[in-house]
Amino acid sequence: MQSIRRGFHAFLGTVSVAALASCATPADPPVSAVADTAVPASGCTASSSLLTASTRVQDLVSRMTLDEKLGQLNQAPGGRSKSLNSKLTPEELDKVRRGEIGSYLHVAGAAPLGALQKVAVEESRLGIPLLFAMDVVHGYRTIFPVPIAMTSTWDPADWQAAAAISADEASSAGLHWTFAPMVDVARDPRWGRIVEGAGSDPYLGARMAEAQVHGYQGESLADPHTLLATTKHFGVYGAPTGGRDYGSADVSERTVMETYMPPFHAATKAGSGSFMTAFNDIAGVPTTANEDLIDGLLRAEWGFDGMIVSDWNAVAELINHGVAETREQAGILALRAGVDMDMTAGVLSGELKDAVQADDCLMHDLDAAVARILTTKERLGLFDTPLAYHDGARESATLLAPEHRAAARRIAARSMVLLTNKNGALPLSGTEKSIAVIGALAEDRMTQLGSWRARGDAADVVTLLEGIRANAPEGTAISYAPGSHPNDFDADAIRNATEAASQADRVLLVIGEDYDLSGEARSRSDLALPASQIALAEAVFATGKPVTVILLTGRPVAIESIAQRADAVLNAWMLGVEAGNALSDVLWGDVSPAGRLPANFPRRTGAVPFTYSEYPGGRPADPDLAKDSNRYHDLPITPLFAFGHGLSYSSFEYGDLTVDATDIAADGNIRLSVDVTNTGLRAADEVVQLYMRDPVASIARPKLELRGFKRVPLEAGETRRVTFTLTPAQAAIWKSGTGWQVEAGRLDFMIGAASDDIRGTVSVNITGTAISAAPAAALETKVDVQ
């Protein structure tokens with residue numbers, strides 16, 4: 001564990017610009033195309049990347065000029081996100097011929113990228129192929145629900161299926177590499193990028209990380225139907241101060257290891273082929289310059305052997321962080337830290353030639369980075385079949401294929417979370433004579449695509465209004481009034497919407513955020529809905545008609561008053577191209593909702609960050625205001641909707657939680673079982689959730705920690721037994737200087753339908769101690785359903 005201890009001293013400590021020249025040699029080494037730098041010079045940090053590379057890669061590195069090596073570290077924009085391929089000019093092709101480019105992003109298309117690849121492999125000196133990349137985050141052309149919604153299915157198989165379809169489509173369009181999955185744990189919904197991840201829990205996030213890696217990469221990266229995954233943003237990007245994007249994360253070592261690292265570890269063990277470093281810093285040390293975190297923890301301790309790319313311009317931004325004065329210094333820090341490819345900044349390729357010539361250690365770091373990049377290209381099959389991704393007929397047949405749309409519809413329906421449902425307001429009975437759909441978001445196509453929509457086209461979207469009209473029962477009249485959009489306040493339109501609502505038997509009120517309110521650089525200080533949406537809701541509620549709210553959002557929002565007044569609230573997130581059809585499936589009961597929240601919904605903004613798994617403290621929150629306790633005086637001690645919450649059109653009964661043995665050795669297995677019965681009148685899924693608590697430990701433990709879950713389909717009246725098998729290592733505590741330690745003593749396990757809906761408890765006794773090698777929440781619980 002020694003290197004981990006060094007790592008934390010570094011990434012919670014300092015980065016020294018003065019140390020940049022510490023490995024410089026007395027004289028400049030000759031620039032040689034055949035210099036053997038596989039074995040590092042004395043005093044340099046050892047890396048096995050070149051030594052363990054294939055004969056082909058070692059040979060290529062030995063024959064490359066310094067300029068060609070530096071070129072491999074250069075990821076250039078081939079266009080802009082809204083104008084792909086626009087920078088692929090004749091002058092740009094000359095750079096490819098000279099070996100100055102290792103990868104392009106913001107490019108697409110089987111034919112144009114095939115032509116570009118031919119230039120690289122046929123007209124450059126060494127014929128090294130290019131890597132083509134894009135942010136394929138929740139779909140390429142077939143857009144699935146946004147990632148926070150995908151996680152709300154609480155079924156990793158759904159994520160894996162969506163990622164596999166995304167990979168198939170993107171690879172058919174000439175791409176090799178996606179910048180996904182984003183696995184940053186996010187506990188402050190003010191942070192706009194919570195929409196891109198798996199929410200607030202490390203165990204849930206770890207399972208979704210694995211699923212996406214498996215989905216994108218398939219069985220073999222050499223299969224041209226797969227994509228290289230990029231697990232991002234390595235570090236603690238999801239905990240910026242105040243939820244302000246790119247901000248510093250000032251968190252403890254234990255919090256880093258127990259909360260933020262587990263999804264990254266899980267993705268590593270799932271075989272993620274690349275990682276991306278975070279923009280931000282941890283207590284002043286930027287991740288892009290953090291050698292002990294990247295080369296120490298990720299590579300040396302966890303065994304990651306893939307490629308690492310910076311985020312957009314992040315190498316140059318080390319100057320803004322204040323740890324480098326010049327672009328050269330910034331590049332040296334990043335290369336030494338273990339960053340292999342520089343996204344768009346051009347620092348590693350354009351500013352390091354003199355520094356590398358003057359420093360044997362830096363030359364070794366460069367060769368290791370080049371070897372990792374070339375090995376990645378080799379794993380993708382690009383040296384053997386560089387044009388396998390460039391079949392125009394396959395591209396035409398694959399994009400938006402009918403089976404892809406069918407999967408998008410199915411998964412979108414599974415992602416919706418029924419937050420409230422008073423007196424069984426949903427599903428709709430089908431006997432309503434008239435339904436008014438109110439809210440401009442009902443016909444907003446772009447919002448259904450969400451952020452990072454890759455090649456998603458608004459014209460492909462089935463809007464909520466279109467889906468409702470197309471699937472409404474015969475005899476039900478659907479009227480529509482837009483009211484106001486989140487980005488516009490139109491008092492006249494709200495009055496018109498109120499009139500339309502008053503003439504209907506029932507109202508479907510579609511309100512929330514539009515796509516541009518969640519995402520990168522979209523942090524918000526106020527989690528209430530935009531003023532236009534609140535005004536529209538109040539006006540519609542005032543009609544006295546029964547109102548069901550269809551909530552669109554990319555983050556948990558504060559809707560306490562709305563939830564109190566609506567007869568039902570269905571959180572539909574942002575659902576992708578099949579949004580309207582999926583919504584109608586749920587509204588009329590073809591699908592019983594079983595989505596569950598991956599993060600608390602707060603009552604008000606001032607309550608965040610607020611997680612179910614916080615520490616109890618010496619004066620735990622008490623509903624009695626007369627007692628001094630850990631709470632706000634103007635709010636209840638509970639969130640509006642808790643982690644794991646989600647209602648169904650059916651009902652479920654849990655039997656007793658049982659355990660096979662109560663005394664468990666530190667290296668033994670804990671086997672817990674519960675019978676779950678669908679006591680309702682319709683088939684439905686129940687998400688069975690297993691929580692854990694270590695009530696007495698050497699270090700205070702969270703009030704609850706998720707340690708298992710399973711989405712279980714049940715016919716009406718059916719009973720199934722769900723068995724969880726886990727190990728004491730999943731209760732290990734991170735201790736500085738020791739690592740992951742399993743302590744002896746009692747562990748409590750709770751089974752339930754949500755973190756605030758516990759149905760049974762049982763305890764076991766761990767009879768010994770042990771040292772574990774992995775983050776506790778990264779380890780997967782085996783679940784069997786009979």
# chains A, B, ... in the order shown; residues from 1 in each chain; ligands from 1
$ select_by_dssp --residues "region 505-673 of chain A" --states "strand (DSSP E or B)" --output "PyMOL selection string"
chain A and resi 506-512+528+547-552+558+568-571+601+641+647+652-654+658-659+663-664+670-673
$ write_last_selection --atoms "C-alpha atoms" --output "PDB file, in the first residue's frame"
ATOM      1  CA  ARG A 506     -58.215  15.821 -17.129  1.00  0.00           C
ATOM      2  CA  VAL A 507     -54.936  17.688 -17.534  1.00  0.00           C
ATOM      3  CA  LEU A 508     -51.479  16.368 -18.323  1.00  0.00           C
ATOM      4  CA  LEU A 509     -49.194  19.212 -17.280  1.00  0.00           C
ATOM      5  CA  VAL A 510     -45.742  18.920 -18.872  1.00  0.00           C
ATOM      6  CA  ILE A 511     -43.288  21.149 -17.020  1.00  0.00           C
ATOM      7  CA  GLY A 512     -39.662  21.175 -15.934  1.00  0.00           C
ATOM      8  CA  ALA A 528     -36.829  25.298  -8.206  1.00  0.00           C
ATOM      9  CA  VAL A 547     -53.788  17.440 -12.892  1.00  0.00           C
ATOM     10  CA  THR A 548     -51.078  14.880 -13.533  1.00  0.00           C
ATOM     11  CA  VAL A 549     -47.607  16.404 -13.793  1.00  0.00           C
ATOM     12  CA  ILE A 550     -45.165  15.030 -16.342  1.00  0.00           C
ATOM     13  CA  LEU A 551     -41.840  16.299 -15.063  1.00  0.00           C
ATOM     14  CA  LEU A 552     -38.930  16.795 -17.452  1.00  0.00           C
ATOM     15  CA  ALA A 558     -37.295  21.139  -5.713  1.00  0.00           C
ATOM     16  CA  ALA A 568     -49.737  12.325  -9.660  1.00  0.00           C
ATOM     17  CA  VAL A 569     -46.169  13.251 -10.608  1.00  0.00           C
ATOM     18  CA  LEU A 570     -44.367  11.151 -13.187  1.00  0.00           C
ATOM     19  CA  ASN A 571     -40.692  12.003 -13.568  1.00  0.00           C
ATOM     20  CA  PHE A 601     -34.986  15.038  -4.519  1.00  0.00           C
ATOM     21  CA  PHE A 641     -38.273  11.951  -2.413  1.00  0.00           C
ATOM     22  CA  LEU A 647     -43.967   3.885  -7.051  1.00  0.00           C
ATOM     23  CA  PHE A 652     -45.609  -5.752  -3.186  1.00  0.00           C
ATOM     24  CA  GLU A 653     -45.187  -7.632   0.064  1.00  0.00           C
ATOM     25  CA  TYR A 654     -41.830  -8.615   1.502  1.00  0.00           C
ATOM     26  CA  THR A 658     -33.114 -14.323   6.399  1.00  0.00           C
ATOM     27  CA  VAL A 659     -29.401 -15.121   6.551  1.00  0.00           C
ATOM     28  CA  ASP A 663     -21.197 -15.800  12.314  1.00  0.00           C
ATOM     29  CA  ILE A 664     -19.082 -15.024   9.261  1.00  0.00           C
ATOM     30  CA  ILE A 670     -22.872 -13.571   3.633  1.00  0.00           C
ATOM     31  CA  ARG A 671     -26.000 -15.035   2.033  1.00  0.00           C
ATOM     32  CA  LEU A 672     -29.293 -13.184   2.547  1.00  0.00           C
ATOM     33  CA  SER A 673     -32.706 -14.078   1.134  1.00  0.00           C
TER      34      SER A 673
END
$ closest_residue --among "A:Glu196, A:Glu560, A:Asp184, A:Asp168" --to "Thr226 (chain A)" --atoms "only C-alpha atoms"
A:Asp168
$ closest_residue --among "A:Asp757, A:Glu705, A:Glu328, A:Asp444" --to "Val687 (chain A)" --atoms "only C-alpha atoms"
A:Asp757
$ closest_residue --among "A:Leu704, A:Ala621, A:Leu175, A:Val785" --to "Ala388 (chain A)" --atoms "only C-alpha atoms"
A:Leu175
$ atom_distance --atom1 "CA of Ser200 (chain A)" --atom2 "CA of Gly576 (chain A)"
22.5 Å
$ atom_distance --atom1 "CA of Asp634 (chain A)" --atom2 "CA of Val608 (chain A)"
14.0 Å
$ residues_around --residues "Trp734 (chain A)" --least-positions-apart "3" --cutoff "6 Å" --atoms "only C-alpha atoms" --output "number ranges by chain"
A: 254, 739-740
$ closest_residue --among "A:Val213, A:Leu426, A:Ile494, A:Ala454" --to "Arg80 (chain A)" --atoms "only C-alpha atoms"
A:Ala454
$ closest_residue --among "A:Ile637, A:Ala491, A:Leu204, A:Ile699" --to "Leu597 (chain A)" --atoms "only C-alpha atoms"
A:Leu204
$ atom_distance --atom1 "CA of Ala300 (chain A)" --atom2 "CA of Thr288 (chain A)"
16.9 Å
$ residues_around --residues "Asn581 (chain A)" --least-positions-apart "6" --cutoff "7 Å" --atoms "only C-alpha atoms" --output "MDAnalysis selection string"
chainID A and resid 409 462 467
$ closest_atom_pairs --of "region 175-217 of chain A" --to "region 234-251 of chain A" --cutoff "6 Å" --atoms "only C-alpha atoms" --output "tab-separated table"
residue	atom	partner	partner_atom	distance
A:Asp184	CA	A:Gly238	CA	5.0
A:Val185	CA	A:Gly238	CA	5.5
A:Ala186	CA	A:Gly238	CA	4.7
A:Asp188	CA	A:Gly243	CA	5.9
A:Arg190	CA	A:Gly243	CA	5.1
A:Trp191	CA	A:Gly243	CA	4.3
$ write_last_selection --atoms "N, CA, C and O atoms" --output "PDB file, in the first residue's frame"
ATOM      1  N   ASP A 184     -18.820   9.913 -12.552  1.00  0.00           N
ATOM      2  CA  ASP A 184     -18.619  10.793 -11.392  1.00  0.00           C
ATOM      3  C   ASP A 184     -19.813  10.722 -10.441  1.00  0.00           C
ATOM      4  O   ASP A 184     -20.943  11.023 -10.823  1.00  0.00           O
ATOM      5  N   VAL A 185     -19.553  10.338  -9.194  1.00  0.00           N
ATOM      6  CA  VAL A 185     -20.595  10.383  -8.182  1.00  0.00           C
ATOM      7  C   VAL A 185     -20.932  11.842  -7.906  1.00  0.00           C
ATOM      8  O   VAL A 185     -20.046  12.674  -7.704  1.00  0.00           O
ATOM      9  N   ALA A 186     -22.218  12.156  -7.902  1.00  0.00           N
ATOM     10  CA  ALA A 186     -22.654  13.548  -7.750  1.00  0.00           C
ATOM     11  C   ALA A 186     -23.710  13.628  -6.655  1.00  0.00           C
ATOM     12  O   ALA A 186     -24.783  13.029  -6.781  1.00  0.00           O
ATOM     13  N   ASP A 188     -24.565  16.755  -5.226  1.00  0.00           N
ATOM     14  CA  ASP A 188     -25.094  18.118  -5.207  1.00  0.00           C
ATOM     15  C   ASP A 188     -25.767  18.377  -6.555  1.00  0.00           C
ATOM     16  O   ASP A 188     -25.094  18.599  -7.565  1.00  0.00           O
ATOM     17  N   ARG A 190     -27.109  20.827  -7.797  1.00  0.00           N
ATOM     18  CA  ARG A 190     -26.839  22.119  -8.430  1.00  0.00           C
ATOM     19  C   ARG A 190     -25.827  21.963  -9.562  1.00  0.00           C
ATOM     20  O   ARG A 190     -25.799  22.764 -10.494  1.00  0.00           O
ATOM     21  N   TRP A 191     -24.994  20.938  -9.468  1.00  0.00           N
ATOM     22  CA  TRP A 191     -24.000  20.656 -10.507  1.00  0.00           C
ATOM     23  C   TRP A 191     -24.711  20.151 -11.757  1.00  0.00           C
ATOM     24  O   TRP A 191     -25.388  19.119 -11.735  1.00  0.00           O
TER      25      TRP A 191
END
$ residues_around --residues "Ala440 (chain A)" --least-positions-apart "2" --cutoff "12 Å" --atoms "only C-alpha atoms" --output "VMD selection string"
chain A and resid 437 to 438 442 to 447 463 to 465 480 to 490 493 to 494 497 508 to 514 532 to 533 536 550 552
